[in-house]
Amino acid sequence: MYLDVWGARGSHPASGMAFSRFGHHTACLSVRSGDHLLVLDAGTGASALARALEAAPPREVDILLSHFHHDHVIGLPYLLMSLPPDTALRIHAALEGHEALAERISAILSPPYFPPGIAGVLGRTECHQHPAGASFQAGPMQVETHPLEHPGGSTAFRVRCGDRSLVYATDLEQPDVLAAEWIAFACGADLLVHDTMFTEAEWSARRGWGHATIEGALRLADAAGVPRLVGFHHNPAHDDEMMLLRELDLVLRRPGSSLAREGESLSI
Ligand SMILES: [Zn+2]
Ligand SMILES: [Zn+2]
């Protein structure tokens with residue numbers, strides 16, 4: 001099982017050479033298994049994924065959206081447009097209230113947010129709206145969900161493929177006390193991809209913004225017995241120099257862990 005990183009930045013892209021080592025694009029990860037592709041969020045990194053798929057497009061694609069903030073969906077039109085007509089497309093998200101997922105996806109793909117002409121791709125896209133806490137099958141992979149505390153809500157995903165599993169938890173206000181259900185959700189995973197956007201000082205000044213720190217992510221990894229942490233949703237104000245220092249701090253406390261780098265492929 002390989003997890004490919006197409007974008008690891010949070011909030012908005014970070015341009016310039018000072019950000020090149022960890023990358024510029026916003027949230028997008030993928031797991032390929034034969035002819036099936038599972039995509040975790042579709043930020044600007046999804047446009048890079050779209051280009052990479054041109055040579056050998058998958059036959060089935062399941063796109064899991066944690067939530068609908070711009071940095072997680074702005075690349076969705078480019079990804080959908082790039083896939084051939086015979087590719088089976090499914091979009092999954094947990095939505096509160098009465099709004100239909102199909103309507104929300106349609107809005108993203110339509111004027112005034114996007115030029116006309118691609119809304120037709122919706123005709124061949126299945127939209128699956130799941131209650132918070134639901135489990136479902138996505139091609140060969142089993143997916144579990146867990147609601148996260150974030151302005152407007154967000155969803156964590158646990159993806160199982162064979163005997164390996166990863167937890168993707170981004171855009172969450174780290175709790176002062178870890179709930180037993182949250183620990184159980186991550187328990188025994190091989191890899192934890194977790195929001196580490198803020199330093200402790202930044203987090204203290206921005207409580208309620210719905211993000212986390214390396215310390216908060218390590219608390220969950222420790223409690224859930226997850227051996228490897230990959231920090232994610234990098235602060236677009238943190239340049240490579242600062243990111244390398246933060247990563248060194250992480251590695252000293254949890255050898256084998258890292259901060260996600262755009263373009264890398266993580267073996268799980
Ligand atoms: Zn975000
Ligand atoms: Zn968000």
# chains A, B, ... in the order shown; residues from 1 in each chain; ligands from 1
>>> residues_near_ligand(ligand="ligand 1", cutoff="10 Å", atoms="only C-alpha atoms and all ligand atoms", output="compact mmCIF listing (two decimals) with C-alpha atoms, in the first residue's frame")
# COMPACT_ATOMS: atom_id res chain seq x y z
CA ALA A 8 0.33 18.91 1.90
CA ARG A 9 -0.13 22.63 2.45
CA GLY A 10 -3.14 23.99 4.33
CA SER A 11 -5.40 27.02 3.94
CA HIS A 12 -3.87 28.23 0.66
CA THR A 26 -2.94 22.19 -0.83
CA ALA A 27 -4.40 18.92 0.45
CA ASP A 41 -9.26 15.52 -0.56
CA GLY A 43 -7.07 20.73 -3.04
CA SER A 66 -12.97 15.68 4.55
CA HIS A 67 -14.95 18.93 4.18
CA PHE A 68 -15.59 21.74 1.73
CA HIS A 69 -13.15 24.52 2.61
CA HIS A 70 -11.45 25.80 -0.57
CA ASP A 71 -8.07 24.21 0.19
CA HIS A 72 -9.70 20.76 0.07
CA VAL A 73 -11.91 21.03 -3.03
CA HIS A 150 -13.55 22.18 13.00
CA SER A 154 -14.60 17.95 9.05
CA THR A 170 -6.87 16.95 9.02
CA ASP A 171 -8.55 20.20 9.97
CA LEU A 172 -9.32 19.32 13.57
CA ASP A 195 -2.92 18.11 10.96
CA MET A 197 -0.38 23.22 11.13
CA GLY A 210 -9.76 24.08 14.05
CA HIS A 211 -6.15 22.97 13.68
CA PHE A 232 0.08 17.46 7.27
CA HIS A 233 -1.78 20.69 6.42
CA HIS A 234 1.39 22.76 6.60
CA ASN A 235 1.06 26.39 7.53
>>> residues_around(residues="Ala88 of chain A", least_positions_apart="3", cutoff="8 Å", atoms="only C-alpha atoms", output="MDAnalysis selection string")
chainID A and resid 59:61 124:125
>>> select_by_dssp(residues="segment 157-231 of chain A", states="strand (DSSP E)", output="PDB file with N, CA, C and O atoms, in the first residue's frame")
ATOM      1  N   PHE A 157     -10.830   9.934   8.080  1.00  0.00           N
ATOM      2  CA  PHE A 157     -11.039   8.659   7.400  1.00  0.00           C
ATOM      3  C   PHE A 157      -9.980   7.655   7.855  1.00  0.00           C
ATOM      4  O   PHE A 157      -8.802   8.002   7.975  1.00  0.00           O
ATOM      5  N   ARG A 158     -10.414   6.428   8.088  1.00  0.00           N
ATOM      6  CA  ARG A 158      -9.476   5.324   8.260  1.00  0.00           C
ATOM      7  C   ARG A 158      -9.639   4.412   7.055  1.00  0.00           C
ATOM      8  O   ARG A 158     -10.749   3.932   6.777  1.00  0.00           O
ATOM      9  N   VAL A 159      -8.564   4.197   6.333  1.00  0.00           N
ATOM     10  CA  VAL A 159      -8.598   3.419   5.098  1.00  0.00           C
ATOM     11  C   VAL A 159      -7.858   2.114   5.341  1.00  0.00           C
ATOM     12  O   VAL A 159      -6.679   2.124   5.739  1.00  0.00           O
ATOM     13  N   ARG A 160      -8.535   0.988   5.109  1.00  0.00           N
ATOM     14  CA  ARG A 160      -7.927  -0.329   5.290  1.00  0.00           C
ATOM     15  C   ARG A 160      -7.801  -1.008   3.942  1.00  0.00           C
ATOM     16  O   ARG A 160      -8.754  -1.030   3.153  1.00  0.00           O
ATOM     17  N   CYS A 161      -6.635  -1.555   3.677  1.00  0.00           N
ATOM     18  CA  CYS A 161      -6.397  -2.311   2.439  1.00  0.00           C
ATOM     19  C   CYS A 161      -5.604  -3.549   2.846  1.00  0.00           C
ATOM     20  O   CYS A 161      -4.447  -3.431   3.261  1.00  0.00           O
ATOM     21  N   ARG A 164      -3.209  -3.689   6.125  1.00  0.00           N
ATOM     22  CA  ARG A 164      -2.601  -2.387   6.411  1.00  0.00           C
ATOM     23  C   ARG A 164      -3.692  -1.326   6.518  1.00  0.00           C
ATOM     24  O   ARG A 164      -4.757  -1.435   5.893  1.00  0.00           O
ATOM     25  N   SER A 165      -3.411  -0.279   7.295  1.00  0.00           N
ATOM     26  CA  SER A 165      -4.398   0.797   7.379  1.00  0.00           C
ATOM     27  C   SER A 165      -3.717   2.115   7.713  1.00  0.00           C
ATOM     28  O   SER A 165      -2.651   2.157   8.339  1.00  0.00           O
ATOM     29  N   LEU A 166      -4.361   3.192   7.278  1.00  0.00           N
ATOM     30  CA  LEU A 166      -3.894   4.533   7.608  1.00  0.00           C
ATOM     31  C   LEU A 166      -5.078   5.355   8.095  1.00  0.00           C
ATOM     32  O   LEU A 166      -6.234   5.084   7.754  1.00  0.00           O
ATOM     33  N   VAL A 167      -4.765   6.341   8.916  1.00  0.00           N
ATOM     34  CA  VAL A 167      -5.776   7.303   9.378  1.00  0.00           C
ATOM     35  C   VAL A 167      -5.412   8.670   8.829  1.00  0.00           C
ATOM     36  O   VAL A 167      -4.249   9.095   8.925  1.00  0.00           O
ATOM     37  N   TYR A 168      -6.386   9.330   8.211  1.00  0.00           N
ATOM     38  CA  TYR A 168      -6.216  10.678   7.657  1.00  0.00           C
ATOM     39  C   TYR A 168      -7.089  11.615   8.488  1.00  0.00           C
ATOM     40  O   TYR A 168      -8.318  11.504   8.466  1.00  0.00           O
ATOM     41  N   ALA A 169      -6.443  12.476   9.241  1.00  0.00           N
ATOM     42  CA  ALA A 169      -7.183  13.365  10.155  1.00  0.00           C
ATOM     43  C   ALA A 169      -6.635  14.776  10.001  1.00  0.00           C
ATOM     44  O   ALA A 169      -5.596  15.117  10.562  1.00  0.00           O
ATOM     45  N   LEU A 191      -0.168   4.006  10.013  1.00  0.00           N
ATOM     46  CA  LEU A 191       0.287   5.369   9.709  1.00  0.00           C
ATOM     47  C   LEU A 191      -0.808   6.357  10.093  1.00  0.00           C
ATOM     48  O   LEU A 191      -1.992   6.118   9.822  1.00  0.00           O
ATOM     49  N   LEU A 192      -0.395   7.454  10.715  1.00  0.00           N
ATOM     50  CA  LEU A 192      -1.333   8.529  11.049  1.00  0.00           C
ATOM     51  C   LEU A 192      -0.911   9.786  10.302  1.00  0.00           C
ATOM     52  O   LEU A 192       0.182  10.312  10.521  1.00  0.00           O
ATOM     53  N   VAL A 193      -1.768  10.235   9.372  1.00  0.00           N
ATOM     54  CA  VAL A 193      -1.564  11.530   8.718  1.00  0.00           C
ATOM     55  C   VAL A 193      -2.429  12.522   9.490  1.00  0.00           C
ATOM     56  O   VAL A 193      -3.654  12.376   9.542  1.00  0.00           O
ATOM     57  N   HIS A 194      -1.785  13.492  10.145  1.00  0.00           N
ATOM     58  CA  HIS A 194      -2.516  14.347  11.087  1.00  0.00           C
ATOM     59  C   HIS A 194      -2.151  15.810  10.872  1.00  0.00           C
ATOM     60  O   HIS A 194      -0.989  16.140  10.607  1.00  0.00           O
ATOM     61  N   ASP A 195      -3.109  16.661  10.972  1.00  0.00           N
ATOM     62  CA  ASP A 195      -2.916  18.113  10.956  1.00  0.00           C
ATOM     63  C   ASP A 195      -1.853  18.497  11.997  1.00  0.00           C
ATOM     64  O   ASP A 195      -1.969  18.146  13.175  1.00  0.00           O
ATOM     65  N   LEU A 229       3.973   8.853  12.459  1.00  0.00           N
ATOM     66  CA  LEU A 229       3.163  10.058  12.258  1.00  0.00           C
ATOM     67  C   LEU A 229       3.695  10.812  11.052  1.00  0.00           C
ATOM     68  O   LEU A 229       4.912  11.012  10.914  1.00  0.00           O
ATOM     69  N   VAL A 230       2.789  11.258  10.197  1.00  0.00           N
ATOM     70  CA  VAL A 230       3.153  12.141   9.088  1.00  0.00           C
ATOM     71  C   VAL A 230       2.363  13.435   9.269  1.00  0.00           C
ATOM     72  O   VAL A 230       1.131  13.441   9.167  1.00  0.00           O
ATOM     73  N   GLY A 231       3.079  14.520   9.571  1.00  0.00           N
ATOM     74  CA  GLY A 231       2.423  15.809   9.767  1.00  0.00           C
ATOM     75  C   GLY A 231       1.921  16.358   8.447  1.00  0.00           C
ATOM     76  O   GLY A 231       2.556  16.182   7.399  1.00  0.00           O
TER      77      GLY A 231
END
>>> residues_around(residues="Ala42 of chain A", least_positions_apart="5", cutoff="9 Å", atoms="only C-alpha atoms", output="PyMOL selection string")
chain A and resi 7+26-29+47+63-65+71-77+79
>>> write_last_selection(atoms="N, CA, C and O atoms", output="mmCIF file, in the first residue's frame")
data_model
loop_
_atom_site.group_PDB
_atom_site.id
_atom_site.type_symbol
_atom_site.label_atom_id
_atom_site.label_comp_id
_atom_site.auth_asym_id
_atom_site.auth_seq_id
_atom_site.Cartn_x
_atom_site.Cartn_y
_atom_site.Cartn_z
ATOM 1 N N GLY A 7 -0.276 17.184 -2.462
ATOM 2 C CA GLY A 7 -0.328 18.502 -1.845
ATOM 3 C C GLY A 7 -0.472 18.330 -0.350
ATOM 4 O O GLY A 7 -1.261 17.496 0.111
ATOM 5 N N THR A 26 -2.112 22.538 -1.992
ATOM 6 C CA THR A 26 -2.944 22.193 -0.834
ATOM 7 C C THR A 26 -3.450 20.748 -0.943
ATOM 8 O O THR A 26 -3.272 20.081 -1.958
ATOM 9 N N ALA A 27 -4.126 20.322 0.110
ATOM 10 C CA ALA A 27 -4.399 18.920 0.446
ATOM 11 C C ALA A 27 -4.862 18.015 -0.689
ATOM 12 O O ALA A 27 -5.925 18.214 -1.278
ATOM 13 N N CYS A 28 -4.077 17.008 -0.959
ATOM 14 C CA CYS A 28 -4.492 15.913 -1.844
ATOM 15 C C CYS A 28 -3.522 14.749 -1.681
ATOM 16 O O CYS A 28 -2.315 14.919 -1.820
ATOM 17 N N LEU A 29 -4.079 13.570 -1.373
ATOM 18 C CA LEU A 29 -3.306 12.332 -1.236
ATOM 19 C C LEU A 29 -4.023 11.259 -2.054
ATOM 20 O O LEU A 29 -5.223 11.380 -2.309
ATOM 21 N N SER A 47 -4.737 18.832 -9.094
ATOM 22 C CA SER A 47 -4.391 19.141 -10.489
ATOM 23 C C SER A 47 -3.098 18.422 -10.865
ATOM 24 O O SER A 47 -2.942 17.960 -12.001
ATOM 25 N N ILE A 63 -13.323 9.413 -4.451
ATOM 26 C CA ILE A 63 -12.772 10.646 -3.886
ATOM 27 C C ILE A 63 -13.443 10.893 -2.538
ATOM 28 O O ILE A 63 -14.675 11.012 -2.459
ATOM 29 N N LEU A 64 -12.641 10.951 -1.469
ATOM 30 C CA LEU A 64 -13.159 11.181 -0.118
ATOM 31 C C LEU A 64 -12.852 12.628 0.269
ATOM 32 O O LEU A 64 -11.682 13.025 0.280
ATOM 33 N N LEU A 65 -13.894 13.391 0.562
ATOM 34 C CA LEU A 65 -13.700 14.797 0.928
ATOM 35 C C LEU A 65 -13.896 14.962 2.439
ATOM 36 O O LEU A 65 -14.958 14.610 2.970
ATOM 37 N N ASP A 71 -9.349 24.911 0.330
ATOM 38 C CA ASP A 71 -8.071 24.213 0.195
ATOM 39 C C ASP A 71 -8.225 22.701 0.060
ATOM 40 O O ASP A 71 -7.237 22.001 -0.184
ATOM 41 N N HIS A 72 -9.463 22.200 0.174
ATOM 42 C CA HIS A 72 -9.705 20.757 0.074
ATOM 43 C C HIS A 72 -10.525 20.372 -1.159
ATOM 44 O O HIS A 72 -10.687 19.178 -1.426
ATOM 45 N N VAL A 73 -11.053 21.369 -1.874
ATOM 46 C CA VAL A 73 -11.915 21.030 -3.026
ATOM 47 C C VAL A 73 -11.574 21.795 -4.303
ATOM 48 O O VAL A 73 -12.133 21.496 -5.362
ATOM 49 N N ILE A 74 -10.673 22.759 -4.245
ATOM 50 C CA ILE A 74 -10.508 23.648 -5.407
ATOM 51 C C ILE A 74 -9.926 22.917 -6.617
ATOM 52 O O ILE A 74 -10.134 23.339 -7.760
ATOM 53 N N GLY A 75 -9.261 21.790 -6.392
ATOM 54 C CA GLY A 75 -8.718 21.033 -7.515
ATOM 55 C C GLY A 75 -9.680 19.994 -8.066
ATOM 56 O O GLY A 75 -9.373 19.328 -9.060
ATOM 57 N N LEU A 76 -10.843 19.855 -7.446
ATOM 58 C CA LEU A 76 -11.794 18.808 -7.856
ATOM 59 C C LEU A 76 -12.187 18.906 -9.330
ATOM 60 O O LEU A 76 -12.173 17.884 -10.042
ATOM 61 N N PRO A 77 -12.530 20.100 -9.856
ATOM 62 C CA PRO A 77 -12.917 20.161 -11.278
ATOM 63 C C PRO A 77 -11.818 19.658 -12.201
ATOM 64 O O PRO A 77 -12.096 18.963 -13.195
ATOM 65 N N LEU A 79 -9.438 17.462 -11.588
ATOM 66 C CA LEU A 79 -9.309 16.012 -11.481
ATOM 67 C C LEU A 79 -10.428 15.326 -12.257
ATOM 68 O O LEU A 79 -10.187 14.409 -13.056
#
>>> closest_residue(among="A:Cys127, A:Leu148, A:Ala189, A:Leu252", to="ligand 2", atoms="only C-alpha atoms and all ligand atoms")
A:Leu148
>>> closest_residue(among="A:Ala180, A:Leu37, A:Ile105, A:Val5", to="Gly23 of chain A", atoms="only C-alpha atoms")
A:Val5
>>> select_by_dssp(residues="segment 123-248 of chain A", states="alpha helix (DSSP H)", output="MDAnalysis selection string")
chainID A and resid 180:186 200:205 214:224 240:248
>>> closest_residue(among="A:Ala217, A:Ala14, A:Ala212, A:Ala55", to="ligand 2", atoms="only C-alpha atoms and all ligand atoms")
A:Ala212
>>> atom_distance(atom1="atom CA of Thr155 of chain A", atom2="atom CA of Leu40 of chain A")
11.0 Å
>>> residues_around(residues="Ala134 of chain A", least_positions_apart="5", cutoff="9 Å", atoms="only C-alpha atoms", output="ChimeraX atom specification")
/A:94,143-146
>>> atom_distance(atom1="atom CA of Gly139 of chain A", atom2="atom CA of Leu38 of chain A")
8.2 Å
>>> decode(residues="segment 22-98 of chain A", atoms="C-alpha atoms", output="PDB file, in the first residue's frame")
ATOM      1  CA  PHE A  22       7.701  20.509   1.420  1.00  0.00           C
ATOM      2  CA  GLY A  23       5.707  21.783  -1.528  1.00  0.00           C
ATOM      3  CA  HIS A  24       3.234  24.388  -2.617  1.00  0.00           C
ATOM      4  CA  HIS A  25      -0.061  22.608  -3.288  1.00  0.00           C
ATOM      5  CA  THR A  26      -2.944  22.193  -0.834  1.00  0.00           C
ATOM      6  CA  ALA A  27      -4.399  18.920   0.446  1.00  0.00           C
ATOM      7  CA  CYS A  28      -4.492  15.913  -1.844  1.00  0.00           C
ATOM      8  CA  LEU A  29      -3.306  12.332  -1.236  1.00  0.00           C
ATOM      9  CA  SER A  30      -3.984   9.127  -3.121  1.00  0.00           C
ATOM     10  CA  VAL A  31      -3.705   5.361  -2.734  1.00  0.00           C
ATOM     11  CA  ARG A  32      -3.553   3.308  -5.926  1.00  0.00           C
ATOM     12  CA  SER A  33      -4.421  -0.364  -5.992  1.00  0.00           C
ATOM     13  CA  GLY A  34      -4.337  -1.808  -9.517  1.00  0.00           C
ATOM     14  CA  ASP A  35      -7.098  -0.173 -11.547  1.00  0.00           C
ATOM     15  CA  HIS A  36      -8.573   1.530  -8.496  1.00  0.00           C
ATOM     16  CA  LEU A  37      -7.619   4.924  -7.095  1.00  0.00           C
ATOM     17  CA  LEU A  38      -8.684   6.328  -3.750  1.00  0.00           C
ATOM     18  CA  VAL A  39      -8.208  10.092  -3.352  1.00  0.00           C
ATOM     19  CA  LEU A  40      -8.162  11.913  -0.022  1.00  0.00           C
ATOM     20  CA  ASP A  41      -9.256  15.520  -0.560  1.00  0.00           C
ATOM     21  CA  ALA A  42      -8.934  17.502  -3.772  1.00  0.00           C
ATOM     22  CA  GLY A  43      -7.075  20.732  -3.040  1.00  0.00           C
ATOM     23  CA  THR A  44      -4.768  22.264  -5.633  1.00  0.00           C
ATOM     24  CA  GLY A  45      -2.659  19.088  -5.446  1.00  0.00           C
ATOM     25  CA  ALA A  46      -5.466  17.303  -7.327  1.00  0.00           C
ATOM     26  CA  SER A  47      -4.391  19.141 -10.489  1.00  0.00           C
ATOM     27  CA  ALA A  48      -0.928  17.544 -10.187  1.00  0.00           C
ATOM     28  CA  LEU A  49      -2.588  14.168  -9.602  1.00  0.00           C
ATOM     29  CA  ALA A  50      -4.717  14.714 -12.718  1.00  0.00           C
ATOM     30  CA  ARG A  51      -1.616  15.244 -14.846  1.00  0.00           C
ATOM     31  CA  ALA A  52       0.068  12.165 -13.379  1.00  0.00           C
ATOM     32  CA  LEU A  53      -2.950   9.993 -14.252  1.00  0.00           C
ATOM     33  CA  GLU A  54      -2.997  10.964 -17.928  1.00  0.00           C
ATOM     34  CA  ALA A  55      -0.614   8.183 -18.987  1.00  0.00           C
ATOM     35  CA  ALA A  56      -2.522   5.398 -17.217  1.00  0.00           C
ATOM     36  CA  PRO A  57      -5.932   6.477 -15.901  1.00  0.00           C
ATOM     37  CA  PRO A  58      -7.598   4.178 -13.368  1.00  0.00           C
ATOM     38  CA  ARG A  59     -10.920   2.504 -14.171  1.00  0.00           C
ATOM     39  CA  GLU A  60     -12.450   3.375 -10.810  1.00  0.00           C
ATOM     40  CA  VAL A  61     -11.924   6.447  -8.618  1.00  0.00           C
ATOM     41  CA  ASP A  62     -13.304   7.082  -5.131  1.00  0.00           C
ATOM     42  CA  ILE A  63     -12.772  10.646  -3.886  1.00  0.00           C
ATOM     43  CA  LEU A  64     -13.159  11.181  -0.118  1.00  0.00           C
ATOM     44  CA  LEU A  65     -13.700  14.797   0.928  1.00  0.00           C
ATOM     45  CA  SER A  66     -12.966  15.682   4.546  1.00  0.00           C
ATOM     46  CA  HIS A  67     -14.948  18.934   4.185  1.00  0.00           C
ATOM     47  CA  PHE A  68     -15.592  21.738   1.725  1.00  0.00           C
ATOM     48  CA  HIS A  69     -13.145  24.517   2.606  1.00  0.00           C
ATOM     49  CA  HIS A  70     -11.446  25.796  -0.572  1.00  0.00           C
ATOM     50  CA  ASP A  71      -8.071  24.213   0.195  1.00  0.00           C
ATOM     51  CA  HIS A  72      -9.705  20.757   0.074  1.00  0.00           C
ATOM     52  CA  VAL A  73     -11.915  21.030  -3.026  1.00  0.00           C
ATOM     53  CA  ILE A  74     -10.508  23.648  -5.407  1.00  0.00           C
ATOM     54  CA  GLY A  75      -8.718  21.033  -7.515  1.00  0.00           C
ATOM     55  CA  LEU A  76     -11.794  18.808  -7.856  1.00  0.00           C
ATOM     56  CA  PRO A  77     -12.917  20.161 -11.278  1.00  0.00           C
ATOM     57  CA  TYR A  78      -9.458  19.574 -12.767  1.00  0.00           C
ATOM     58  CA  LEU A  79      -9.309  16.012 -11.481  1.00  0.00           C
ATOM     59  CA  LEU A  80     -12.800  15.132 -12.727  1.00  0.00           C
ATOM     60  CA  MET A  81     -12.200  16.758 -16.129  1.00  0.00           C
ATOM     61  CA  SER A  82      -9.002  14.804 -16.665  1.00  0.00           C
ATOM     62  CA  LEU A  83     -10.535  11.340 -16.294  1.00  0.00           C
ATOM     63  CA  PRO A  84     -11.796   9.476 -19.367  1.00  0.00           C
ATOM     64  CA  PRO A  85     -15.556   8.939 -19.795  1.00  0.00           C
ATOM     65  CA  ASP A  86     -15.375   5.235 -18.968  1.00  0.00           C
ATOM     66  CA  THR A  87     -13.798   5.837 -15.536  1.00  0.00           C
ATOM     67  CA  ALA A  88     -16.276   5.138 -12.737  1.00  0.00           C
ATOM     68  CA  LEU A  89     -16.354   8.184 -10.435  1.00  0.00           C
ATOM     69  CA  ARG A  90     -17.625   8.243  -6.868  1.00  0.00           C
ATOM     70  CA  ILE A  91     -17.417  11.164  -4.413  1.00  0.00           C
ATOM     71  CA  HIS A  92     -17.928  10.528  -0.697  1.00  0.00           C
ATOM     72  CA  ALA A  93     -18.448  12.994   2.159  1.00  0.00           C
ATOM     73  CA  ALA A  94     -20.222  13.277   5.471  1.00  0.00           C
ATOM     74  CA  LEU A  95     -22.675  16.164   5.388  1.00  0.00           C
ATOM     75  CA  GLU A  96     -24.749  17.479   8.240  1.00  0.00           C
ATOM     76  CA  GLY A  97     -28.210  18.906   7.666  1.00  0.00           C
ATOM     77  CA  HIS A  98     -30.392  18.569   4.621  1.00  0.00           C
TER      78      HIS A  98
END
